[in-house]
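Chemist: One structure follows; several queries about it will come next.
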Amino acid sequence: MITSRQRGWQNQFAGTGGGDWTINEKNQLRVRYSHNELENSNAFATLPSFAASMRSKGMLGSAAWYANVMDAFTNELRFGFNRYTHGFGQANMAFPGLTAFPNIQIGGLSNLALGLPFNLATNARLNTYHLADGAGVQIGPHNVRFGIDGRRYLGFMGGFTSGAGNFAFSSLDRFLLDLPPDVAASRTFGVDRLDMAQWHWFAYLQDNWRVAPGFTLDLGLRYQYSKLPAFIKRQANLVAADVPGVISFEEPNEQTQNWAPHAGFAWQPNWWNGMTVIRGSFGIMYDALYSAHMVTPMMGQLGLTQLLNPASNVPGFFRFGAIRDAAAGRDLTPQELRGRIATFFGEQRLPYTMHWNAAIQQSIWNNGTIELKYLGSRGLRLPVLSMMGALPRVTPERSLPLFFSTPTQGEINQLTLTLDDLQRQPFSSLQAAGFSNPVWTVLNEGQSWYHGLAVSLNQRFTRGFQLISNWTWSHLIDDSTGTVLDLGMFGRERANSIYDRRHRVSVTPMFELAPLFGDGSFLAKFFADFNLNATYTYESPMYLTPLGGADVLLNGNPFGARAIFNAQGREGVTSGVMPVTNRAGRIVGYQTLDPNARFISGAPGVFSFGNRSSFRLGETNNLDLAAVKRFNISDRGAFEVRGEVYNIFNHPQFTGTQINSLGSRFIQSMPGFLTAGNPEFGNFEPAFFGNPRTLQLALRVTF
């Protein structure tokens, strides 16, 4: 096993500013600006030689004009601009015989990554322009609001690492012998950047109707029109590869009937002196940023891609240039074009969510409230990464066996199916039309189910004390992930989502110290405008899916295949496999190296259907503290000094993401800690940010 240590660093600059101008009694202008720059060491590099700085910059500006046109009519006009850029510095590394250093992952005992992760965009520039106008009018018991909202996205994502080639080996020996990669090998030509230009349009109408004293209805309708991003529209440039009756690369149609109704109510019955409020609502919401779901899992396949047969054993792979562009400098014939296409986009079908909730809130004490709330949602048309015309080579009925003990010669002789037999089978119905690559697409067939129960206990600011606390139990289930893991699934599987966090507790007390010392005392004056607050957070851990580390289903996807789950195995024990061959030297099965292992690495031809979301990461157990002192300069001016400590006890929290956010981020395409059979399996701490203690000092000036 190869390990390395390198020092990480980070420099950050952040600034905010704003201004409010009351023009007259009926007009007000507000402007805001936020600026954030970040430069840090390359967290994706696993060896110091590949370390290069990462830089990102974000700028956000907005302006809003509020106008009281008439006593019962108001208008709000908003404009916003957001610019985001990021880029990677270049590591001065060269690979003999190649124009760029490729991205190489080596499994087995070495657990080595050379270059950058597969399919990473090394530079991007994204601009967002936002213009919205909303008006409100009071008509008797009806408070009617309506408006429009337009957003323009311009920019690109580029410098994809797939242009240098993505190569994955099962062992260091195979790499050093210059044999072709036996796990995955691909390289993309022709497209080095994606044009993200896109329009979004929204319109809404909402009526807040006071039906009777203590009872209000909220009725609304929202419309959305999301155009396709430019890079998807340019699929029409591949019409020369059309096969009538099989596949057509015309520009996909856009969905136009995106109507989202909403209904809610609030009722204040005469219970407990009228201190009770009951609320409920139902609505539909469409996903506006649909292109993000389509780009992320397929960004490395969006050019013209050449794949290598992983069964090849011809030596001299890198010596002879790895994968070269055989058609460099000339136009492709329709047949050559079909042989390089690896993606397809069908008709636009926006994902949407139906959500409903009910809550009861009761006032307690003098300024306290307790609330019990239920929230449910159902996600439909969620993106599922799929293969066009898939013909499963490996099924539960047609697969190679896995032995947990050494098979006898008699058992081997009875095995007639070989790995060669499976590899000769077509993996797609499109192969007959000349599409030699697996053609990936996004199908809107996924679903999710969410149920949450929350209890909140709050105390409004009274006598120098305020409290915000809540506990949430939730359960998120889905039948897909929108990632390459979908390609490793044999059909849709309803299971706990990787984003499922079952429990979350948050308690935030806030204190103003001056009232504790009595009026007029020295300490009361000293601690005037001095506030102290803390936040404690606990959250259940995230569960990931262990990987098999091989193209198990023989569908060109080594990264989405799951590890084999052995229910009788010991917790925390993992194992690789070795091939079992017949007298002719053909692979007819595999034998696990440790029959007592819980997670076993995958193997080509073995049907692998291990449990989803079965690998536990760390939980959140965090305490933050902040102190604020305000100094008044004059009647209209003041400055504020603020000190903050995040994770004050420096408690290691390898949650897979930053605290108070969802999702996960791997530093490799196939992380060793998640790959069964890898010596690093289960050791996830080096791969994730541990959320260490952070100190922050801020100065705020108002005038």
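Lettering and numbering for the structure tokens are positional, with chains as A, B, ... in the shown order, residues counted from 1 in each chain, and ligands counted from 1 in the shown order.
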Going by DSSP on the backbone, which residues of segment 448-492 of chain A come out as strand (DSSP E)? List them as an mmCIF file with C-alpha atoms, in the first residue's frame.

Modeler:
```cif
data_model
loop_
_atom_site.group_PDB
_atom_site.id
_atom_site.type_symbol
_atom_site.label_atom_id
_atom_site.label_comp_id
_atom_site.auth_asym_id
_atom_site.auth_seq_id
_atom_site.Cartn_x
_atom_site.Cartn_y
_atom_site.Cartn_z
ATOM 1 C CA SER A 448 -38.434 9.502 -3.458
ATOM 2 C CA TRP A 449 -40.521 9.497 -0.284
ATOM 3 C CA TYR A 450 -39.906 11.697 2.754
ATOM 4 C CA HIS A 451 -41.600 11.797 6.152
ATOM 5 C CA GLY A 452 -40.498 14.124 8.934
ATOM 6 C CA LEU A 453 -41.708 14.940 12.429
ATOM 7 C CA ALA A 454 -40.401 18.018 14.248
ATOM 8 C CA VAL A 455 -40.864 19.415 17.740
ATOM 9 C CA SER A 456 -39.806 23.007 18.442
ATOM 10 C CA LEU A 457 -39.550 24.829 21.769
ATOM 11 C CA ASN A 458 -38.832 28.547 21.529
ATOM 12 C CA GLN A 459 -38.629 31.457 23.957
ATOM 13 C CA ARG A 460 -38.894 34.986 22.609
ATOM 14 C CA PHE A 461 -36.347 37.485 23.876
ATOM 15 C CA THR A 462 -37.336 38.217 27.491
ATOM 16 C CA PHE A 465 -32.704 35.533 27.268
ATOM 17 C CA GLN A 466 -33.873 33.871 24.051
ATOM 18 C CA LEU A 467 -34.074 30.182 23.126
ATOM 19 C CA ILE A 468 -34.517 28.364 19.809
ATOM 20 C CA SER A 469 -34.549 24.561 20.011
ATOM 21 C CA ASN A 470 -35.887 21.737 17.885
ATOM 22 C CA TRP A 471 -35.695 18.010 17.329
ATOM 23 C CA THR A 472 -36.430 16.416 13.956
ATOM 24 C CA TRP A 473 -37.008 12.791 13.085
ATOM 25 C CA SER A 474 -37.048 12.087 9.374
ATOM 26 C CA HIS A 475 -36.870 9.197 6.948
ATOM 27 C CA LEU A 476 -35.889 9.659 3.293
ATOM 28 C CA ILE A 477 -36.368 6.757 0.883
ATOM 29 C CA ASP A 478 -35.584 6.678 -2.839
#
```

Chemist: From a backbone DSSP assignment, name each residue in segment 454-667 of chain A labelled helix (DSSP H, G or I), as a PDB file with N, CA, C and O atoms, in the first residue's frame.

Modeler:
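out15.pdb, freshly written:
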```
ATOM      1  N   VAL A 484     -23.616   7.421 -10.914  1.00  0.00           N
ATOM      2  CA  VAL A 484     -23.221   6.182 -11.578  1.00  0.00           C
ATOM      3  C   VAL A 484     -23.655   4.947 -10.793  1.00  0.00           C
ATOM      4  O   VAL A 484     -23.644   3.843 -11.326  1.00  0.00           O
ATOM      5  N   LEU A 485     -24.034   5.111  -9.522  1.00  0.00           N
ATOM      6  CA  LEU A 485     -24.540   3.968  -8.765  1.00  0.00           C
ATOM      7  C   LEU A 485     -25.800   3.397  -9.394  1.00  0.00           C
ATOM      8  O   LEU A 485     -26.104   2.215  -9.220  1.00  0.00           O
ATOM      9  N   ASP A 486     -26.530   4.224 -10.144  1.00  0.00           N
ATOM     10  CA  ASP A 486     -27.742   3.724 -10.797  1.00  0.00           C
ATOM     11  C   ASP A 486     -27.419   2.647 -11.831  1.00  0.00           C
ATOM     12  O   ASP A 486     -28.211   1.734 -12.053  1.00  0.00           O
ATOM     13  N   LEU A 487     -26.251   2.760 -12.472  1.00  0.00           N
ATOM     14  CA  LEU A 487     -25.881   1.776 -13.487  1.00  0.00           C
ATOM     15  C   LEU A 487     -25.550   0.428 -12.874  1.00  0.00           C
ATOM     16  O   LEU A 487     -25.546  -0.591 -13.568  1.00  0.00           O
ATOM     17  N   GLY A 488     -25.277   0.412 -11.579  1.00  0.00           N
ATOM     18  CA  GLY A 488     -24.987  -0.844 -10.899  1.00  0.00           C
ATOM     19  C   GLY A 488     -26.215  -1.489 -10.298  1.00  0.00           C
ATOM     20  O   GLY A 488     -26.104  -2.489  -9.585  1.00  0.00           O
ATOM     21  N   ALA A 514     -26.138  42.330  30.257  1.00  0.00           N
ATOM     22  CA  ALA A 514     -26.383  43.500  31.100  1.00  0.00           C
ATOM     23  C   ALA A 514     -27.550  43.320  32.062  1.00  0.00           C
ATOM     24  O   ALA A 514     -27.438  43.689  33.246  1.00  0.00           O
ATOM     25  N   PRO A 515     -28.699  42.766  31.664  1.00  0.00           N
ATOM     26  CA  PRO A 515     -29.813  42.624  32.611  1.00  0.00           C
ATOM     27  C   PRO A 515     -29.500  41.738  33.809  1.00  0.00           C
ATOM     28  O   PRO A 515     -30.216  41.794  34.820  1.00  0.00           O
ATOM     29  N   LEU A 516     -28.449  40.939  33.740  1.00  0.00           N
ATOM     30  CA  LEU A 516     -28.119  40.066  34.864  1.00  0.00           C
ATOM     31  C   LEU A 516     -27.555  40.842  36.052  1.00  0.00           C
ATOM     32  O   LEU A 516     -27.526  40.320  37.177  1.00  0.00           O
ATOM     33  N   PHE A 517     -27.094  42.081  35.837  1.00  0.00           N
ATOM     34  CA  PHE A 517     -26.405  42.817  36.897  1.00  0.00           C
ATOM     35  C   PHE A 517     -27.217  43.994  37.452  1.00  0.00           C
ATOM     36  O   PHE A 517     -26.701  44.772  38.250  1.00  0.00           O
ATOM     37  N   PHE A 522     -22.203  49.241  37.597  1.00  0.00           N
ATOM     38  CA  PHE A 522     -21.019  49.334  36.735  1.00  0.00           C
ATOM     39  C   PHE A 522     -20.964  48.172  35.737  1.00  0.00           C
ATOM     40  O   PHE A 522     -20.682  48.359  34.547  1.00  0.00           O
ATOM     41  N   LEU A 523     -21.225  46.968  36.241  1.00  0.00           N
ATOM     42  CA  LEU A 523     -21.178  45.803  35.357  1.00  0.00           C
ATOM     43  C   LEU A 523     -22.269  45.863  34.302  1.00  0.00           C
ATOM     44  O   LEU A 523     -22.074  45.429  33.159  1.00  0.00           O
ATOM     45  N   ALA A 524     -23.443  46.390  34.657  1.00  0.00           N
ATOM     46  CA  ALA A 524     -24.514  46.511  33.668  1.00  0.00           C
ATOM     47  C   ALA A 524     -24.097  47.453  32.547  1.00  0.00           C
ATOM     48  O   ALA A 524     -24.383  47.210  31.362  1.00  0.00           O
ATOM     49  N   LYS A 525     -23.406  48.559  32.914  1.00  0.00           N
ATOM     50  CA  LYS A 525     -22.936  49.481  31.884  1.00  0.00           C
ATOM     51  C   LYS A 525     -21.806  48.868  31.063  1.00  0.00           C
ATOM     52  O   LYS A 525     -21.707  49.074  29.853  1.00  0.00           O
ATOM     53  N   PHE A 526     -20.923  48.124  31.748  1.00  0.00           N
ATOM     54  CA  PHE A 526     -19.786  47.514  31.048  1.00  0.00           C
ATOM     55  C   PHE A 526     -20.259  46.478  30.020  1.00  0.00           C
ATOM     56  O   PHE A 526     -19.721  46.386  28.917  1.00  0.00           O
TER      57      PHE A 526
END
```

Chemist: Leaving out Asn683 of chain A and any residue of its chain fewer than 5 positions from it, which residues lie within 12 Å of it when counting only C-alpha atoms, given as a PDB file with N, CA, C and O atoms, in the first residue's frame?

Modeler:
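Saved as around32.pdb:
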```pdb
ATOM      1  N   GLY A 572     -16.768  -4.995   9.642  1.00  0.00           N
ATOM      2  CA  GLY A 572     -15.505  -4.313   9.429  1.00  0.00           C
ATOM      3  C   GLY A 572     -14.470  -5.109   8.670  1.00  0.00           C
ATOM      4  O   GLY A 572     -13.380  -4.609   8.406  1.00  0.00           O
ATOM      5  N   VAL A 573     -14.766  -6.361   8.311  1.00  0.00           N
ATOM      6  CA  VAL A 573     -13.814  -7.206   7.592  1.00  0.00           C
ATOM      7  C   VAL A 573     -14.158  -7.189   6.110  1.00  0.00           C
ATOM      8  O   VAL A 573     -15.323  -7.327   5.731  1.00  0.00           O
ATOM      9  N   THR A 574     -13.162  -7.012   5.271  1.00  0.00           N
ATOM     10  CA  THR A 574     -13.366  -6.986   3.830  1.00  0.00           C
ATOM     11  C   THR A 574     -12.416  -7.974   3.169  1.00  0.00           C
ATOM     12  O   THR A 574     -11.420  -8.405   3.767  1.00  0.00           O
ATOM     13  N   PHE A 615     -22.787   1.664   4.716  1.00  0.00           N
ATOM     14  CA  PHE A 615     -21.480   2.032   5.260  1.00  0.00           C
ATOM     15  C   PHE A 615     -21.641   3.319   6.061  1.00  0.00           C
ATOM     16  O   PHE A 615     -21.976   4.363   5.525  1.00  0.00           O
ATOM     17  N   ARG A 616     -21.385   3.250   7.352  1.00  0.00           N
ATOM     18  CA  ARG A 616     -21.659   4.357   8.271  1.00  0.00           C
ATOM     19  C   ARG A 616     -20.489   5.326   8.366  1.00  0.00           C
ATOM     20  O   ARG A 616     -19.357   4.933   8.611  1.00  0.00           O
ATOM     21  N   LEU A 617     -20.786   6.621   8.168  1.00  0.00           N
ATOM     22  CA  LEU A 617     -19.805   7.675   8.404  1.00  0.00           C
ATOM     23  C   LEU A 617     -19.972   8.221   9.823  1.00  0.00           C
ATOM     24  O   LEU A 617     -20.737   7.685  10.618  1.00  0.00           O
ATOM     25  N   GLY A 618     -19.289   9.300  10.134  1.00  0.00           N
ATOM     26  CA  GLY A 618     -19.336   9.854  11.475  1.00  0.00           C
ATOM     27  C   GLY A 618     -20.582  10.696  11.713  1.00  0.00           C
ATOM     28  O   GLY A 618     -21.193  11.225  10.781  1.00  0.00           O
ATOM     29  N   PHE A 654     -16.082  13.503  11.098  1.00  0.00           N
ATOM     30  CA  PHE A 654     -15.911  13.102   9.708  1.00  0.00           C
ATOM     31  C   PHE A 654     -17.268  12.665   9.172  1.00  0.00           C
ATOM     32  O   PHE A 654     -17.567  11.485   9.033  1.00  0.00           O
ATOM     33  N   PRO A 671     -13.120   5.805  -4.193  1.00  0.00           N
ATOM     34  CA  PRO A 671     -12.339   5.962  -2.965  1.00  0.00           C
ATOM     35  C   PRO A 671     -12.012   4.632  -2.327  1.00  0.00           C
ATOM     36  O   PRO A 671     -12.858   3.741  -2.227  1.00  0.00           O
ATOM     37  N   GLY A 672     -10.748   4.507  -1.863  1.00  0.00           N
ATOM     38  CA  GLY A 672     -10.306   3.251  -1.271  1.00  0.00           C
ATOM     39  C   GLY A 672     -11.073   2.874  -0.028  1.00  0.00           C
ATOM     40  O   GLY A 672     -11.323   1.693   0.219  1.00  0.00           O
ATOM     41  N   PHE A 673     -11.482   3.870   0.791  1.00  0.00           N
ATOM     42  CA  PHE A 673     -12.174   3.550   2.033  1.00  0.00           C
ATOM     43  C   PHE A 673     -13.539   2.932   1.789  1.00  0.00           C
ATOM     44  O   PHE A 673     -14.122   2.336   2.678  1.00  0.00           O
ATOM     45  N   LEU A 674     -14.051   3.061   0.560  1.00  0.00           N
ATOM     46  CA  LEU A 674     -15.381   2.565   0.247  1.00  0.00           C
ATOM     47  C   LEU A 674     -15.340   1.363  -0.688  1.00  0.00           C
ATOM     48  O   LEU A 674     -16.388   0.822  -1.043  1.00  0.00           O
ATOM     49  N   THR A 675     -14.139   0.946  -1.102  1.00  0.00           N
ATOM     50  CA  THR A 675     -14.003  -0.134  -2.067  1.00  0.00           C
ATOM     51  C   THR A 675     -13.626  -1.424  -1.349  1.00  0.00           C
ATOM     52  O   THR A 675     -12.553  -1.522  -0.748  1.00  0.00           O
ATOM     53  N   ALA A 676     -14.506  -2.402  -1.412  1.00  0.00           N
ATOM     54  CA  ALA A 676     -14.261  -3.686  -0.750  1.00  0.00           C
ATOM     55  C   ALA A 676     -13.008  -4.343  -1.313  1.00  0.00           C
ATOM     56  O   ALA A 676     -12.737  -4.277  -2.518  1.00  0.00           O
ATOM     57  N   ASN A 678     -10.035  -3.384  -0.659  1.00  0.00           N
ATOM     58  CA  ASN A 678      -8.950  -2.428  -0.568  1.00  0.00           C
ATOM     59  C   ASN A 678      -8.430  -2.397   0.869  1.00  0.00           C
ATOM     60  O   ASN A 678      -9.222  -2.427   1.817  1.00  0.00           O
ATOM     61  N   PHE A 688     -11.972  12.651   4.163  1.00  0.00           N
ATOM     62  CA  PHE A 688     -12.979  13.664   4.406  1.00  0.00           C
ATOM     63  C   PHE A 688     -12.456  14.780   5.296  1.00  0.00           C
ATOM     64  O   PHE A 688     -11.517  14.609   6.065  1.00  0.00           O
TER      65      PHE A 688
END
```

Chemist: Could you jot down the atom CA of His130 of chain A to atom CA of Arg83 of chain A separation for me, Å, one decimal place?

Modeler: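 Going from atom CA of His130 of chain A over to atom CA of Arg83 of chain A covers 11.7 Å.
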
Chemist: How far is it from atom CA of Pro396 of chain A to atom CA of Gly605 of chain A, in Å with one decimal?

Modeler: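 Straight-line distance from atom CA of Pro396 of chain A to atom CA of Gly605 of chain A works out to 10.4 Å.
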
Chemist: Measure the distance from atom CA of Ser226 of chain A to atom CA of Gly283 of chain A in Å and round it to one decimal.

Modeler: 19.2 Å

Chemist: Please provide as a list in words all residues within 9 Å of Leu415 of chain A, with the sequence filter that same-chain residues fewer than 2 positions apart are discarded (counting only C-alpha atoms).

Modeler: Leu400, Pro401, Glu411, Ile412, Asn413, Leu417, Thr418, Asn582, Val588 and Gly589 of chain A

Chemist: Kindly save the residues from that selection, with all heavy atoms included, as a CSV table (one decimal), in the first residue's frame.

Modeler:
```csv
chain,number,residue,atom,x,y,z
A,400,LEU,N,-21.6,-15.7,-13.0
A,400,LEU,CA,-20.5,-16.6,-12.5
A,400,LEU,C,-20.7,-16.7,-11.0
A,400,LEU,O,-21.0,-15.8,-10.3
A,400,LEU,CB,-19.1,-16.1,-12.8
A,400,LEU,CG,-18.9,-15.8,-14.3
A,400,LEU,CD1,-17.4,-15.4,-14.5
A,400,LEU,CD2,-19.1,-17.1,-15.1
A,401,PRO,N,-20.4,-17.9,-10.4
A,401,PRO,CA,-20.6,-18.1,-9.0
A,401,PRO,C,-19.4,-17.6,-8.2
A,401,PRO,O,-18.3,-17.4,-8.7
A,401,PRO,CB,-20.7,-19.7,-8.9
A,401,PRO,CG,-19.9,-20.2,-10.0
A,401,PRO,CD,-20.1,-19.2,-11.1
A,411,GLU,N,-16.8,-29.8,-9.0
A,411,GLU,CA,-17.7,-28.6,-9.0
A,411,GLU,C,-17.3,-27.7,-10.2
A,411,GLU,O,-18.1,-27.1,-10.9
A,411,GLU,CB,-17.6,-27.9,-7.7
A,411,GLU,CG,-18.2,-28.6,-6.5
A,411,GLU,CD,-18.0,-27.8,-5.2
A,411,GLU,OE1,-16.9,-27.3,-5.0
A,411,GLU,OE2,-19.0,-27.8,-4.4
A,412,ILE,N,-16.0,-27.6,-10.4
A,412,ILE,CA,-15.5,-26.7,-11.5
A,412,ILE,C,-15.9,-27.3,-12.9
A,412,ILE,O,-16.4,-26.6,-13.8
A,412,ILE,CB,-14.0,-26.6,-11.5
A,412,ILE,CG1,-13.6,-25.8,-10.2
A,412,ILE,CG2,-13.4,-25.8,-12.7
A,412,ILE,CD1,-12.1,-25.7,-10.0
A,413,ASN,N,-15.9,-28.6,-13.0
A,413,ASN,CA,-16.2,-29.2,-14.3
A,413,ASN,C,-17.7,-29.0,-14.6
A,413,ASN,O,-18.1,-29.1,-15.8
A,413,ASN,CB,-15.9,-30.7,-14.3
A,413,ASN,CG,-14.4,-31.0,-14.2
A,413,ASN,OD1,-13.6,-30.1,-14.5
A,413,ASN,ND2,-14.0,-32.2,-13.7
A,417,LEU,N,-20.6,-22.0,-18.0
A,417,LEU,CA,-20.6,-20.6,-18.4
A,417,LEU,C,-19.2,-20.0,-18.0
A,417,LEU,O,-18.8,-20.1,-16.9
A,417,LEU,CB,-21.7,-19.8,-17.7
A,417,LEU,CG,-21.9,-18.3,-18.0
A,417,LEU,CD1,-22.3,-18.1,-19.4
A,417,LEU,CD2,-22.8,-17.7,-17.0
A,418,THR,N,-18.6,-19.3,-19.0
A,418,THR,CA,-17.3,-18.6,-18.7
A,418,THR,C,-17.4,-17.1,-18.8
A,418,THR,O,-18.4,-16.6,-19.4
A,418,THR,CB,-16.3,-19.1,-19.7
A,418,THR,OG1,-16.6,-18.6,-21.0
A,418,THR,CG2,-16.2,-20.6,-19.8
A,582,ASN,N,-11.2,-23.2,-15.4
A,582,ASN,CA,-11.4,-24.6,-15.8
A,582,ASN,C,-10.1,-25.1,-16.4
A,582,ASN,O,-9.1,-24.4,-16.4
A,582,ASN,CB,-12.6,-24.7,-16.7
A,582,ASN,CG,-12.4,-23.9,-18.0
A,582,ASN,OD1,-11.3,-23.4,-18.3
A,582,ASN,ND2,-13.6,-23.7,-18.7
A,588,VAL,N,-14.4,-19.3,-14.7
A,588,VAL,CA,-15.8,-19.8,-14.6
A,588,VAL,C,-16.4,-19.4,-13.2
A,588,VAL,O,-17.5,-19.8,-12.9
A,588,VAL,CB,-15.8,-21.4,-14.7
A,588,VAL,CG1,-15.4,-21.8,-16.2
A,588,VAL,CG2,-14.8,-22.0,-13.7
A,589,GLY,N,-15.6,-18.7,-12.4
A,589,GLY,CA,-16.1,-18.3,-11.1
A,589,GLY,C,-15.0,-17.6,-10.4
A,589,GLY,O,-13.9,-17.4,-10.9
```

Chemist: Restricting the calculation to only C-alpha atoms, which member of A:Pro244, A:Pro213, A:Gly677, A:Gly17 is positioned closest to Gln268 of chain A?

Modeler: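 Residue with the minimum atom-to-atom distance to Gln268 of chain A: A:Pro213.
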
Chemist: For a quick check of understanding, using only C-alpha atoms, which of A:Thr657, A:Asn258, A:Ser386, A:Gln138 has the smallest distance to Asp71 of chain A?

Modeler: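 The shortest atom-to-atom distance to Asp71 of chain A comes from A:Gln138.
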
Chemist: Just checking: using only C-alpha atoms, which residue out of A:Leu380, A:Leu114, A:Ala263, A:Val191 ends up closest to Trp209 of chain A?

Modeler: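 So, comparing all the options, the nearest one is A:Ala263.
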
Chemist: Ranking A:Val552, A:Ile364, A:Ala495, A:Met387 by minimum distance to Asp182 of chain A and counting only C-alpha atoms, which one comes first?

Modeler: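 Ranking A:Val552, A:Ile364, A:Ala495, A:Met387 by distance to Asp182 of chain A, first place goes to A:Val552.
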
Chemist: Can you pull out the residues contacting Val246 of chain A? Cut-off 10 Å, using only C-alpha atoms, and skip same-chain residues under 4 positions away; I want them as a list in words.

Modeler: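 Near Val246 of chain A, the qualifying residues are Asp242, Gly389, Ser429, Leu430 and Ala433 of chain A.
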
Chemist: Which of these residues is nearest to Gly482 of chain A, using only C-alpha atoms: A:Gln447, A:Thr333, A:Thr74, A:Thr85?

Modeler: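 Between A:Gln447, A:Thr333, A:Thr74, A:Thr85, the residue approaching Gly482 of chain A most closely is A:Gln447.
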